[in-house]
Amino acid sequence: MLAKLKNLLEKYGAASTIRLLGRYAASAALARLGPGKEERETCDALLRQLCAGEYERVILRRGSFGWHTPLVQRAQQLARALSESGCLVLYEATPPHERVRGAVRLGERLWLVNLRAKGFAAAIERETAAGGRPRWLLVASPESRLAVKTVRRLADRGWTVLYDYIDAIDPAIGGGKRVPRKTAALYRYAMENKDCRVIASSLALLREAESKKGKEGSVLVENGVEFARFSSPGPLPEDDAFRALLQKGKPIVCFYGALAEWLDYAALRTIAADGRFSLLLIGAKYDGSYDRELGERENVCFLGTRPYETLRDYAARCDVLLIPFQKGRVGDAASPVKLFEYFALQKPVVAGDTAECRRYPCVLIARSAQDYPRVIERALTLGHDPALLAAEEKEARAADWRRRAEKLTASLRTWENGAAEKKDGRP
């Protein structure tokens, strides 16, 4: 708890941390009240849908990564895509990101649900069982609040645990000096429990899971992109700082995402010091590393966070898109969501020498921090190369979140059929 508080102070400062904790307390108190009169009708609609069983399976996504967090990541994208692939998805509402007393409908088969109200949570449990469809409990590897005893209790009630192995189990992912206790416990449970299934976002994580659970219990489901959205950028953002950067006339090299210690800050300093490029950075200061390693300097434009819906509009006006991850355990295990978004934007991509980025021939790899300016210069010459653009489009289309969800649902069917055969005593 103290480590978490220290991390918040480093990220947001004392005043913002106090406000954040206040919002959390207010949201949590509201959630415990349960549905009010005005929410009853929506909650009843959810319960009727659960009971009717007009879906292939129900997926309950538990964890503290709220739907309305500033970062739209794999959690939200995969949940939405699964709901569009025939699954009924219940996504847990979490303070302070949501102030939900009952349920909010996000799509035809996608709901944001408050599980802190015990009566409503019990009703959801009852109706999912009555629906008669397979029930999956989806939890993710970076989770630091969900207790294993909660996961085990649901597994004992008939839920099959699906562990989404997203990132390496490493202190850097949580922004602290050690892996959170609940994160480590959840990982051990997933890898040691024979009935738990694992989806891995990268080849490195898949191999690790297979070494512990065997190939029959694990499947590779990389990150992806909402192709239609990113392949059709919107208008130029009404952003004075960005427009001023465009007017400078230098080629713009852009990275958006968490500004964290797994970035190669030596590479960013080298790009800035080169002088031929403007370096644009969009995202949250995740762990204090940005101010320590880069901070304010010439040729660097740091915009802070911007709404996810507008990121494509910024990146589409840039010349080269960056993934400056450091080579190592965290970098080699990462399947960057932004990689596939960059492909859909049809921009040349320069990345660090990490395993997942090396898998794609259309990515230009910088082998060292000093190598970045040379590789960026080459990327600028390839900006309109038909072969490069065609390769990027092919990869982006293949990585559409709907295709990722279809691959996952195919694996879920295989596992469900295997469980049914085992229950019936068939070989």
# chains A, B, ... in the order shown; residues from 1 in each chain; ligands from 1
>>> residues_around(residues="Ala93 of chain A", least_positions_apart="4", cutoff="9 Å", atoms="only C-alpha atoms", output="list in words")
Ala31, Arg62, Gly63, Ser64, Phe65, Gly66, Trp67, His68, His97, Glu98, Arg99, Val100, Ala103, Leu112, Val113, Asn114, Leu115 and Arg116 of chain A
>>> residues_around(residues="Leu203 of chain A", least_positions_apart="3", cutoff="10 Å", atoms="only C-alpha atoms", output="tab-separated table (two decimals) with all heavy atoms, in the first residue's frame")
chain	number	residue	atom	x	y	z
A	200	ALA	N	-1.60	-15.25	-24.37
A	200	ALA	CA	-0.36	-14.48	-24.29
A	200	ALA	C	-0.32	-13.46	-25.42
A	200	ALA	O	-0.71	-13.76	-26.55
A	200	ALA	CB	0.85	-15.40	-24.37
A	206	LEU	N	4.16	-16.36	-24.56
A	206	LEU	CA	3.56	-17.65	-24.91
A	206	LEU	C	4.52	-18.79	-24.57
A	206	LEU	O	4.11	-19.80	-23.98
A	206	LEU	CB	3.21	-17.68	-26.40
A	206	LEU	CG	2.65	-19.02	-26.91
A	206	LEU	CD1	1.26	-19.27	-26.34
A	206	LEU	CD2	2.63	-19.05	-28.43
A	207	ARG	N	5.79	-18.64	-24.94
A	207	ARG	CA	6.77	-19.70	-24.66
A	207	ARG	C	6.89	-19.94	-23.15
A	207	ARG	O	7.03	-21.08	-22.70
A	207	ARG	CB	8.12	-19.33	-25.27
A	207	ARG	CG	8.12	-19.29	-26.81
A	207	ARG	CD	9.52	-19.15	-27.35
A	207	ARG	NE	9.52	-18.92	-28.79
A	207	ARG	CZ	9.75	-17.75	-29.37
A	207	ARG	NH1	10.03	-16.67	-28.63
A	207	ARG	NH2	9.73	-17.63	-30.68
A	208	GLU	N	6.85	-18.85	-22.40
A	208	GLU	CA	6.94	-19.00	-20.94
A	208	GLU	C	5.73	-19.76	-20.41
A	208	GLU	O	5.87	-20.65	-19.57
A	208	GLU	CB	7.03	-17.62	-20.29
A	208	GLU	CG	7.15	-17.67	-18.78
A	208	GLU	CD	7.18	-16.28	-18.16
A	208	GLU	OE1	7.54	-15.31	-18.86
A	208	GLU	OE2	6.83	-16.16	-16.98
A	209	ALA	N	4.54	-19.39	-20.89
A	209	ALA	CA	3.32	-20.07	-20.44
A	209	ALA	C	3.35	-21.54	-20.85
A	209	ALA	O	2.99	-22.42	-20.05
A	209	ALA	CB	2.10	-19.37	-21.02
A	219	VAL	N	-2.56	-19.92	-25.65
A	219	VAL	CA	-2.72	-19.51	-27.05
A	219	VAL	C	-2.18	-18.09	-27.21
A	219	VAL	O	-2.23	-17.28	-26.28
A	219	VAL	CB	-4.21	-19.56	-27.48
A	219	VAL	CG1	-5.06	-18.56	-26.70
A	219	VAL	CG2	-4.36	-19.34	-28.97
A	220	LEU	N	-1.63	-17.82	-28.39
A	220	LEU	CA	-1.10	-16.49	-28.70
A	220	LEU	C	-2.21	-15.62	-29.27
A	220	LEU	O	-2.83	-15.97	-30.28
A	220	LEU	CB	0.03	-16.62	-29.72
A	220	LEU	CG	0.65	-15.31	-30.23
A	220	LEU	CD1	1.41	-14.60	-29.11
A	220	LEU	CD2	1.58	-15.58	-31.42
A	221	VAL	N	-2.46	-14.49	-28.62
A	221	VAL	CA	-3.40	-13.48	-29.13
A	221	VAL	C	-2.71	-12.12	-28.96
A	221	VAL	O	-2.75	-11.52	-27.89
A	221	VAL	CB	-4.75	-13.49	-28.38
A	221	VAL	CG1	-5.69	-12.43	-28.98
A	221	VAL	CG2	-5.40	-14.86	-28.45
A	222	GLU	N	-2.05	-11.67	-30.04
A	222	GLU	CA	-1.31	-10.42	-29.95
A	222	GLU	C	-2.26	-9.23	-29.82
A	222	GLU	O	-3.48	-9.37	-29.96
A	222	GLU	CB	-0.44	-10.23	-31.21
A	222	GLU	CG	0.58	-11.32	-31.46
A	222	GLU	CD	0.17	-12.26	-32.55
A	222	GLU	OE1	-1.03	-12.65	-32.57
A	222	GLU	OE2	1.02	-12.61	-33.39
A	332	ASP	N	11.19	-7.06	-24.73
A	332	ASP	CA	11.06	-8.24	-25.59
A	332	ASP	C	9.74	-8.97	-25.38
A	332	ASP	O	9.29	-9.71	-26.25
A	332	ASP	CB	12.22	-9.20	-25.37
A	332	ASP	CG	13.50	-8.73	-26.04
A	332	ASP	OD1	13.40	-8.05	-27.08
A	332	ASP	OD2	14.60	-9.02	-25.54
A	333	ALA	N	9.11	-8.75	-24.23
A	333	ALA	CA	7.82	-9.40	-23.95
A	333	ALA	C	6.64	-8.57	-24.45
A	333	ALA	O	5.52	-9.06	-24.47
A	333	ALA	CB	7.67	-9.66	-22.46
A	334	ALA	N	6.89	-7.34	-24.84
A	334	ALA	CA	5.81	-6.41	-25.16
A	334	ALA	C	5.34	-6.55	-26.60
A	334	ALA	O	6.15	-6.57	-27.53
A	334	ALA	CB	6.26	-4.97	-24.90
A	335	SER	N	4.02	-6.63	-26.78
A	335	SER	CA	3.39	-6.51	-28.10
A	335	SER	C	2.73	-5.14	-28.10
A	335	SER	O	1.61	-4.98	-27.61
A	335	SER	CB	2.35	-7.61	-28.30
A	335	SER	OG	1.58	-7.36	-29.46
A	355	ALA	N	11.99	-8.02	-29.51
A	355	ALA	CA	11.58	-9.24	-30.20
A	355	ALA	C	10.34	-9.07	-31.05
A	355	ALA	O	10.31	-9.50	-32.21
A	355	ALA	CB	11.37	-10.35	-29.17
A	356	GLU	N	9.28	-8.47	-30.50
A	356	GLU	CA	8.04	-8.37	-31.26
A	356	GLU	C	8.17	-7.42	-32.44
A	356	GLU	O	7.59	-7.67	-33.50
A	356	GLU	CB	6.90	-7.92	-30.34
A	356	GLU	CG	6.43	-8.99	-29.38
A	356	GLU	CD	5.83	-10.21	-30.09
A	356	GLU	OE1	4.90	-10.04	-30.90
A	356	GLU	OE2	6.33	-11.33	-29.85
A	359	ARG	N	9.73	-8.96	-35.55
A	359	ARG	CA	8.92	-9.94	-36.28
A	359	ARG	C	8.37	-9.37	-37.59
A	359	ARG	O	7.99	-10.14	-38.47
A	359	ARG	CB	7.74	-10.41	-35.41
A	359	ARG	CG	8.11	-11.31	-34.25
A	359	ARG	CD	6.88	-11.67	-33.45
A	359	ARG	NE	5.89	-12.39	-34.27
A	359	ARG	CZ	4.64	-12.60	-33.90
A	359	ARG	NH1	4.20	-12.12	-32.75
A	359	ARG	NH2	3.81	-13.25	-34.69
>>> select_by_dssp(residues="segment 171-353 of chain A", states="alpha helix (DSSP H)", output="PyMOL selection string")
chain A and resi 171-174+181-192+203-213+227-230+240-247+265-274+289-293+308-315+329-333+337-345
>>> write_last_selection(atoms="C-alpha atoms", output="mmCIF file, in the first residue's frame")
data_model
loop_
_atom_site.group_PDB
_atom_site.id
_atom_site.type_symbol
_atom_site.label_atom_id
_atom_site.label_comp_id
_atom_site.auth_asym_id
_atom_site.auth_seq_id
_atom_site.Cartn_x
_atom_site.Cartn_y
_atom_site.Cartn_z
ATOM 1 C CA PRO A 171 8.534 -4.129 -11.147
ATOM 2 C CA ALA A 172 8.718 -1.608 -14.022
ATOM 3 C CA ILE A 173 5.218 -2.523 -15.222
ATOM 4 C CA GLY A 174 3.704 -1.396 -11.933
ATOM 5 C CA ARG A 181 2.118 -9.009 -4.046
ATOM 6 C CA LYS A 182 -1.285 -9.655 -5.648
ATOM 7 C CA THR A 183 0.218 -9.455 -9.149
ATOM 8 C CA ALA A 184 2.749 -12.163 -8.276
ATOM 9 C CA ALA A 185 0.113 -14.318 -6.566
ATOM 10 C CA LEU A 186 -2.229 -14.133 -9.555
ATOM 11 C CA TYR A 187 0.613 -15.127 -11.898
ATOM 12 C CA ARG A 188 1.474 -18.147 -9.763
ATOM 13 C CA TYR A 189 -2.156 -19.210 -9.632
ATOM 14 C CA ALA A 190 -2.525 -18.991 -13.409
ATOM 15 C CA MET A 191 0.648 -20.933 -14.132
ATOM 16 C CA GLU A 192 0.168 -23.622 -11.490
ATOM 17 C CA LEU A 203 5.784 -14.984 -28.415
ATOM 18 C CA ALA A 204 8.068 -14.589 -25.402
ATOM 19 C CA LEU A 205 5.118 -14.749 -22.997
ATOM 20 C CA LEU A 206 3.559 -17.651 -24.911
ATOM 21 C CA ARG A 207 6.767 -19.699 -24.663
ATOM 22 C CA GLU A 208 6.943 -18.996 -20.942
ATOM 23 C CA ALA A 209 3.323 -20.067 -20.443
ATOM 24 C CA GLU A 210 3.815 -23.207 -22.546
ATOM 25 C CA SER A 211 6.888 -24.163 -20.517
ATOM 26 C CA LYS A 212 4.755 -24.133 -17.373
ATOM 27 C CA LYS A 213 1.370 -25.321 -18.658
ATOM 28 C CA PHE A 227 -8.400 -0.672 -38.425
ATOM 29 C CA ALA A 228 -11.329 1.377 -39.696
ATOM 30 C CA ARG A 229 -10.683 4.104 -37.124
ATOM 31 C CA PHE A 230 -6.927 4.433 -37.546
ATOM 32 C CA ASP A 240 -1.785 25.466 -30.483
ATOM 33 C CA ALA A 241 1.378 23.682 -29.349
ATOM 34 C CA PHE A 242 1.052 21.035 -32.035
ATOM 35 C CA ARG A 243 0.258 23.546 -34.754
ATOM 36 C CA ALA A 244 3.308 25.574 -33.750
ATOM 37 C CA LEU A 245 5.412 22.426 -34.060
ATOM 38 C CA LEU A 246 4.090 21.819 -37.571
ATOM 39 C CA GLN A 247 5.017 25.353 -38.560
ATOM 40 C CA TYR A 265 15.809 7.630 -23.064
ATOM 41 C CA ALA A 266 19.346 7.635 -24.459
ATOM 42 C CA ALA A 267 17.771 7.198 -27.893
ATOM 43 C CA LEU A 268 15.342 10.065 -27.281
ATOM 44 C CA ARG A 269 18.202 12.314 -26.176
ATOM 45 C CA THR A 270 20.151 11.346 -29.294
ATOM 46 C CA ILE A 271 17.214 12.174 -31.578
ATOM 47 C CA ALA A 272 16.706 15.539 -29.898
ATOM 48 C CA ALA A 273 20.418 16.410 -29.990
ATOM 49 C CA ASP A 274 20.702 15.572 -33.699
ATOM 50 C CA SER A 289 11.679 8.568 -15.392
ATOM 51 C CA TYR A 290 10.783 11.232 -17.952
ATOM 52 C CA ASP A 291 11.786 14.191 -15.789
ATOM 53 C CA ARG A 292 14.869 12.356 -14.611
ATOM 54 C CA GLU A 293 16.086 11.171 -18.017
ATOM 55 C CA TYR A 308 -7.287 8.438 -27.195
ATOM 56 C CA GLU A 309 -9.741 9.306 -29.967
ATOM 57 C CA THR A 310 -7.418 12.081 -31.169
ATOM 58 C CA LEU A 311 -4.081 10.222 -31.147
ATOM 59 C CA ARG A 312 -4.519 9.113 -34.757
ATOM 60 C CA ASP A 313 -5.076 12.748 -35.748
ATOM 61 C CA TYR A 314 -1.740 13.825 -34.253
ATOM 62 C CA ALA A 315 0.239 10.835 -35.541
ATOM 63 C CA ARG A 329 12.810 -8.623 -20.410
ATOM 64 C CA VAL A 330 10.069 -5.961 -20.517
ATOM 65 C CA GLY A 331 10.726 -4.765 -24.056
ATOM 66 C CA ASP A 332 11.059 -8.238 -25.590
ATOM 67 C CA ALA A 333 7.823 -9.404 -23.953
ATOM 68 C CA VAL A 337 -0.734 -1.786 -29.320
ATOM 69 C CA LYS A 338 0.653 1.315 -31.008
ATOM 70 C CA LEU A 339 2.646 -0.810 -33.473
ATOM 71 C CA PHE A 340 -0.518 -1.936 -35.243
ATOM 72 C CA GLU A 341 -2.078 1.510 -34.945
ATOM 73 C CA TYR A 342 1.018 2.940 -36.625
ATOM 74 C CA PHE A 343 0.678 0.385 -39.428
ATOM 75 C CA ALA A 344 -2.934 1.408 -40.027
ATOM 76 C CA LEU A 345 -1.857 5.053 -40.182
#
>>> closest_residue(among="A:Asp371, A:Glu39, A:Glu377, A:Asp195", to="Val253 of chain A", atoms="only C-alpha atoms")
A:Glu377
>>> residues_around(residues="Cys196 of chain A", least_positions_apart="6", cutoff="9 Å", atoms="only C-alpha atoms", output="list of chain:residue names")
A:Thr160, A:Val161, A:Leu162, A:Tyr163, A:Tyr189, A:Ala190, A:Gly217
>>> select_by_dssp(residues="segment 112-294 of chain A", states="strand (DSSP E or B)", output="PyMOL selection string")
chain A and resi 112-113+135-140+160-165+197-200+218-220+225+252-256+259+263+278-282+285
>>> closest_residue(among="A:Trp415, A:Phe325, A:Phe255, A:Phe277", to="Phe302 of chain A", atoms="only C-alpha atoms")
A:Phe255
>>> atom_distance(atom1="atom CA of Ala260 of chain A", atom2="atom CA of Glu92 of chain A")
26.4 Å
>>> closest_residue(among="A:Cys43, A:Ala140, A:Val320, A:Val151", to="Trp111 of chain A", atoms="only C-alpha atoms")
A:Cys43
>>> closest_residue(among="A:Ile166, A:Leu280, A:Ala316, A:Val148", to="Gly383 of chain A", atoms="only C-alpha atoms")
A:Ala316
>>> residues_around(residues="Gly107 of chain A", least_positions_apart="3", cutoff="12 Å", atoms="only C-alpha atoms", output="list in words")
Leu46, Ala79, Arg80, Ala81, Leu82, Ser83, Glu84, Gly86, Cys87, Leu88, Val89, Leu90, Tyr91, Ala103, Val104, Leu110, Trp111 and Leu112 of chain A
>>> closest_residue(among="A:Gly234, A:Pro134, A:Pro361, A:Gly295", to="Leu412 of chain A", atoms="only C-alpha atoms")
A:Pro134
